[in-house]
Amino acid sequence: MWSVLNDWKHGFTHPDDYQICLPQLTLIKLESQQPHDSATFLAHVDAPALRKLKVLGDIGFVAEHDVTETLLELLPENSSERIPFLKHVSVAALTVYEQEYCLSVTAHPSSSTWLEEEAAEFVICSGAVVNWKVSFGLGLRDLLEICRGARLTRLEVTGDHNTVDRHEWSSVFRAFPTLEILQAGGRGLATVLWDGLRIASTTPSSDGAESEPAIESDPASPPQLEEGGDVVDVACPRLQRIDLVGDLDADEELFAAILECLQDRADRSTRLDMLCMALRHNTDQDYERMKAKHMRALEALAGSVEYHDMESYEY
């Protein structure tokens, strides 16, 4: 492989001269390569048996505010064709926080097959970035593009929530209507997450219906309400559980957004089964005060509620 890449870099051959077929290959690892090189290689490899993929892109010594090459640039434009299991991903974990800029995805095989799960990990590294702080929005963009069309049921995200807005979160919820479990961590105020979930039920998808997997007609299909004569789908109608765990701020603004969102979903007959929060409070007294003030209202809008102070919560 490295011989092929070196030939391309030095102009001895052109990438279009190669279409490499490796029918028995199940694992590919591309580490410490420039994103373009990894994308070019994957664009010209046919590995129908591929089940494990790891791509680590080295973008050199680029400051975080100047980063333009992210996880999306590690993959060819037709990534779902070159890596077919990306279309069947059911679990995704995005981290743009501290030392990590990483997306891990898993496609679980059906119970009727003996094959192991298919999984991929995509990582970006910059020698100039010690802690990722402001790139969470880029990570959400990567998630949307790499997992486009996938029927995600579980999503884990870790990043600085103060660096994204509710419209970015709304796009996430609109893109993955089959979502059942969401776990959010990192730092900042997660108000935008809840606002995004709420407005996703009232705002049409910017990409149109083609970007959203169809949900078969069954008891879990999206309830619909008539609002002003228009039929409005409920975002993520199968969403059962949300966990907020990490260095996330407890704030009256956050609880107002949570309660407004939960009330909206309850009105649409889509209550959460479980809400678990372990948040950062300034003092123990703040935790006790907020718990006493909001717990009853939360319990009225979700099946089960756990509310902890981050310092005393055991993961």
# chains A, B, ... in the order shown; residues from 1 in each chain; ligands from 1
>>> select_by_dssp(residues="segment 78-294 of chain A", states="strand (DSSP E or B)", output="ChimeraX atom specification")
/A:91-98,100-107,118-125,132,154-160,181-188,224-227,230-233,241-249,272-280
>>> residues_around(residues="Leu140 of chain A", least_positions_apart="3", cutoff="8 Å", atoms="only C-alpha atoms", output="PyMOL selection string")
chain A and resi 94+136-137+143-144+168+172
>>> write_last_selection(atoms="C-alpha atoms", output="PDB file, in the first residue's frame")
ATOM      1  CA  LEU A  94     -18.356  11.525  18.436  1.00  0.00           C
ATOM      2  CA  PHE A 136     -17.551  20.631  18.088  1.00  0.00           C
ATOM      3  CA  GLY A 137     -19.633  22.088  15.257  1.00  0.00           C
ATOM      4  CA  LEU A 143     -21.166  12.994  11.875  1.00  0.00           C
ATOM      5  CA  LEU A 144     -24.014  14.088   9.611  1.00  0.00           C
ATOM      6  CA  GLU A 168     -26.878  22.429  14.421  1.00  0.00           C
ATOM      7  CA  VAL A 172     -28.710  16.061  13.952  1.00  0.00           C
TER       8      VAL A 172
END
>>> select_by_dssp(residues="segment 22-222 of chain A", states="helix (DSSP H, G or I)", output="number ranges by chain")
A: 35-43, 64-66, 71-74, 79-82, 84-88, 136-146, 161-163, 166-175, 191-200, 209-211
>>> residues_around(residues="Ile28 of chain A", least_positions_apart="6", cutoff="8 Å", atoms="only C-alpha atoms", output="short mmCIF file (atom, residue, chain, number, x, y, z; two decimals) with N, CA, C and O atoms, in the first residue's frame")
data_model
loop_
_atom_site.label_atom_id
_atom_site.label_comp_id
_atom_site.auth_asym_id
_atom_site.auth_seq_id
_atom_site.Cartn_x
_atom_site.Cartn_y
_atom_site.Cartn_z
N LEU A 50 -14.63 -6.13 3.89
CA LEU A 50 -14.13 -5.24 4.93
C LEU A 50 -15.10 -5.16 6.12
O LEU A 50 -16.28 -4.91 5.96
N LYS A 52 -13.51 -4.02 9.49
CA LYS A 52 -12.88 -3.12 10.45
C LYS A 52 -12.06 -2.09 9.68
O LYS A 52 -11.28 -2.43 8.80
N LEU A 53 -12.23 -0.82 10.07
CA LEU A 53 -11.50 0.26 9.41
C LEU A 53 -11.08 1.28 10.45
O LEU A 53 -11.89 1.70 11.28
N LYS A 54 -9.80 1.66 10.42
CA LYS A 54 -9.32 2.75 11.26
C LYS A 54 -8.51 3.70 10.39
O LYS A 54 -7.58 3.29 9.71
#
>>> atom_distance(atom1="atom CA of Cys261 of chain A", atom2="atom CA of Asp247 of chain A")
21.7 Å
>>> residues_around(residues="segment 31-41 of chain A", least_positions_apart="5", cutoff="7 Å", atoms="only C-alpha atoms", output="list in words")
Val55, Leu56, Gly57, Asp58, Ile59, Glu73, Leu74, Leu75 and Pro76 of chain A
>>> write_last_selection(atoms="C-alpha atoms", output="PDB file, in the first residue's frame")
ATOM      1  CA  VAL A  55      -8.171   5.989   9.654  1.00  0.00           C
ATOM      2  CA  LEU A  56      -5.952   8.422  11.545  1.00  0.00           C
ATOM      3  CA  GLY A  57      -5.285  11.635   9.675  1.00  0.00           C
ATOM      4  CA  ASP A  58      -2.331  13.887  10.457  1.00  0.00           C
ATOM      5  CA  ILE A  59      -3.000  17.477   9.394  1.00  0.00           C
ATOM      6  CA  GLU A  73     -11.652  14.684   4.397  1.00  0.00           C
ATOM      7  CA  LEU A  74     -10.317  11.257   5.433  1.00  0.00           C
ATOM      8  CA  LEU A  75     -12.871   9.567   3.197  1.00  0.00           C
ATOM      9  CA  PRO A  76     -13.594   9.582  -0.525  1.00  0.00           C
TER      10      PRO A  76
END
>>> residues_around(residues="Val67 of chain A", least_positions_apart="2", cutoff="10 Å", atoms="only C-alpha atoms", output="mmCIF file with N, CA and C atoms, in the first residue's frame")
data_model
loop_
_atom_site.group_PDB
_atom_site.id
_atom_site.type_symbol
_atom_site.label_atom_id
_atom_site.label_comp_id
_atom_site.auth_asym_id
_atom_site.auth_seq_id
_atom_site.Cartn_x
_atom_site.Cartn_y
_atom_site.Cartn_z
ATOM 1 N N ILE A 59 -2.883 16.237 10.170
ATOM 2 C CA ILE A 59 -3.000 17.477 9.394
ATOM 3 C C ILE A 59 -1.827 18.420 9.650
ATOM 4 N N PHE A 61 0.790 20.770 11.652
ATOM 5 C CA PHE A 61 0.856 21.659 12.818
ATOM 6 C C PHE A 61 -0.081 22.837 12.579
ATOM 7 N N VAL A 62 -1.384 22.530 12.577
ATOM 8 C CA VAL A 62 -2.405 23.532 12.263
ATOM 9 C C VAL A 62 -3.138 23.925 13.542
ATOM 10 N N ALA A 63 -3.211 25.223 13.822
ATOM 11 C CA ALA A 63 -3.948 25.705 14.997
ATOM 12 C C ALA A 63 -5.427 25.379 14.844
ATOM 13 N N GLU A 64 -6.114 25.191 15.969
ATOM 14 C CA GLU A 64 -7.509 24.733 15.902
ATOM 15 C C GLU A 64 -8.389 25.702 15.111
ATOM 16 N N HIS A 65 -8.212 26.995 15.285
ATOM 17 C CA HIS A 65 -9.047 27.963 14.583
ATOM 18 C C HIS A 65 -8.800 27.941 13.072
ATOM 19 N N GLU A 69 -9.350 20.715 7.358
ATOM 20 C CA GLU A 69 -9.450 19.289 7.056
ATOM 21 C C GLU A 69 -9.867 18.539 8.319
ATOM 22 N N THR A 70 -11.027 17.918 8.277
ATOM 23 C CA THR A 70 -11.529 17.198 9.440
ATOM 24 C C THR A 70 -11.796 15.748 9.045
ATOM 25 N N SER A 126 -3.604 17.085 15.148
ATOM 26 C CA SER A 126 -2.792 18.243 14.789
ATOM 27 C C SER A 126 -1.767 18.460 15.878
ATOM 28 N N VAL A 129 -2.603 21.305 18.350
ATOM 29 C CA VAL A 129 -3.806 21.279 19.191
ATOM 30 C C VAL A 129 -3.581 20.325 20.357
ATOM 31 N N SER A 135 -14.175 23.121 18.055
ATOM 32 C CA SER A 135 -14.454 22.424 16.794
ATOM 33 C C SER A 135 -15.627 21.454 16.869
ATOM 34 N N LEU A 138 -17.788 21.417 13.807
ATOM 35 C CA LEU A 138 -17.199 20.674 12.693
ATOM 36 C C LEU A 138 -17.418 19.180 12.881
#
>>> closest_residue(among="A:Ser269, A:Gln183, A:Gln263, A:Thr191", to="Leu298 of chain A", atoms="only C-alpha atoms")
A:Gln263
>>> residues_around(residues="Phe173 of chain A", least_positions_apart="3", cutoff="7 Å", atoms="only C-alpha atoms", output="PDB file with all heavy atoms, in the first residue's frame")
ATOM      1  N   TRP A 169     -27.902  21.282  16.295  1.00  0.00           N
ATOM      2  CA  TRP A 169     -28.481  20.117  16.961  1.00  0.00           C
ATOM      3  C   TRP A 169     -29.772  19.683  16.273  1.00  0.00           C
ATOM      4  O   TRP A 169     -30.043  18.472  16.146  1.00  0.00           O
ATOM      5  CB  TRP A 169     -28.753  20.430  18.428  1.00  0.00           C
ATOM      6  CG  TRP A 169     -27.609  20.044  19.318  1.00  0.00           C
ATOM      7  CD1 TRP A 169     -26.801  20.867  20.040  1.00  0.00           C
ATOM      8  CD2 TRP A 169     -27.151  18.715  19.580  1.00  0.00           C
ATOM      9  NE1 TRP A 169     -25.862  20.139  20.731  1.00  0.00           N
ATOM     10  CE2 TRP A 169     -26.061  18.820  20.472  1.00  0.00           C
ATOM     11  CE3 TRP A 169     -27.547  17.452  19.146  1.00  0.00           C
ATOM     12  CZ2 TRP A 169     -25.367  17.695  20.930  1.00  0.00           C
ATOM     13  CZ3 TRP A 169     -26.854  16.333  19.598  1.00  0.00           C
ATOM     14  CH2 TRP A 169     -25.780  16.462  20.478  1.00  0.00           C
ATOM     15  N   SER A 170     -30.574  20.605  15.841  1.00  0.00           N
ATOM     16  CA  SER A 170     -31.801  20.263  15.133  1.00  0.00           C
ATOM     17  C   SER A 170     -31.503  19.436  13.896  1.00  0.00           C
ATOM     18  O   SER A 170     -32.203  18.461  13.590  1.00  0.00           O
ATOM     19  CB  SER A 170     -32.564  21.535  14.756  1.00  0.00           C
ATOM     20  OG  SER A 170     -33.715  21.228  14.002  1.00  0.00           O
ATOM     21  N   PHE A 176     -31.414  11.753  12.010  1.00  0.00           N
ATOM     22  CA  PHE A 176     -31.425  10.407  12.574  1.00  0.00           C
ATOM     23  C   PHE A 176     -32.740  10.142  13.315  1.00  0.00           C
ATOM     24  O   PHE A 176     -32.782  10.073  14.545  1.00  0.00           O
ATOM     25  CB  PHE A 176     -30.223  10.227  13.510  1.00  0.00           C
ATOM     26  CG  PHE A 176     -28.904  10.519  12.857  1.00  0.00           C
ATOM     27  CD1 PHE A 176     -28.071  11.517  13.352  1.00  0.00           C
ATOM     28  CD2 PHE A 176     -28.496   9.820  11.734  1.00  0.00           C
ATOM     29  CE1 PHE A 176     -26.854  11.790  12.752  1.00  0.00           C
ATOM     30  CE2 PHE A 176     -27.288  10.091  11.114  1.00  0.00           C
ATOM     31  CZ  PHE A 176     -26.462  11.077  11.616  1.00  0.00           C
ATOM     32  N   PRO A 177     -33.831   9.981  12.584  1.00  0.00           N
ATOM     33  CA  PRO A 177     -35.143   9.832  13.209  1.00  0.00           C
ATOM     34  C   PRO A 177     -35.329   8.525  13.968  1.00  0.00           C
ATOM     35  O   PRO A 177     -36.280   8.387  14.739  1.00  0.00           O
ATOM     36  CB  PRO A 177     -36.102   9.914  12.018  1.00  0.00           C
ATOM     37  CG  PRO A 177     -35.306   9.462  10.854  1.00  0.00           C
ATOM     38  CD  PRO A 177     -33.919   9.975  11.099  1.00  0.00           C
ATOM     39  N   LEU A 197     -33.690  19.700  19.854  1.00  0.00           N
ATOM     40  CA  LEU A 197     -34.635  18.592  19.793  1.00  0.00           C
ATOM     41  C   LEU A 197     -36.063  19.102  19.659  1.00  0.00           C
ATOM     42  O   LEU A 197     -36.870  18.552  18.897  1.00  0.00           O
ATOM     43  CB  LEU A 197     -34.492  17.729  21.051  1.00  0.00           C
ATOM     44  CG  LEU A 197     -35.458  16.552  21.189  1.00  0.00           C
ATOM     45  CD1 LEU A 197     -35.353  15.609  20.000  1.00  0.00           C
ATOM     46  CD2 LEU A 197     -35.199  15.808  22.496  1.00  0.00           C
ATOM     47  N   ALA A 200     -36.674  20.682  16.168  1.00  0.00           N
ATOM     48  CA  ALA A 200     -36.595  19.678  15.106  1.00  0.00           C
ATOM     49  C   ALA A 200     -37.965  19.090  14.799  1.00  0.00           C
ATOM     50  O   ALA A 200     -38.204  18.589  13.696  1.00  0.00           O
ATOM     51  CB  ALA A 200     -35.625  18.569  15.499  1.00  0.00           C
ATOM     52  N   ALA A 235     -39.771  14.744  15.907  1.00  0.00           N
ATOM     53  CA  ALA A 235     -38.372  14.347  15.749  1.00  0.00           C
ATOM     54  C   ALA A 235     -38.046  13.186  16.681  1.00  0.00           C
ATOM     55  O   ALA A 235     -38.425  13.189  17.849  1.00  0.00           O
ATOM     56  CB  ALA A 235     -37.451  15.527  16.061  1.00  0.00           C
ATOM     57  N   CYS A 236     -37.363  12.186  16.139  1.00  0.00           N
ATOM     58  CA  CYS A 236     -36.905  11.029  16.922  1.00  0.00           C
ATOM     59  C   CYS A 236     -38.026  10.452  17.788  1.00  0.00           C
ATOM     60  O   CYS A 236     -37.934  10.442  19.024  1.00  0.00           O
ATOM     61  CB  CYS A 236     -35.711  11.413  17.792  1.00  0.00           C
ATOM     62  SG  CYS A 236     -34.317  12.098  16.883  1.00  0.00           S
TER      63      CYS A 236
END
>>> residues_around(residues="Ala49 of chain A", least_positions_apart="2", cutoff="12 Å", atoms="only C-alpha atoms", output="VMD selection string")
chain A and resid 21 to 28 45 to 47 51 to 53 82 to 85 115 to 116 118
>>> atom_distance(atom1="atom CA of Gly188 of chain A", atom2="atom CA of Asp286 of chain A")
17.0 Å
>>> closest_residue(among="A:Cys276, A:Lys291, A:His108, A:Leu301", to="Leu259 of chain A", atoms="only C-alpha atoms")
A:Leu301
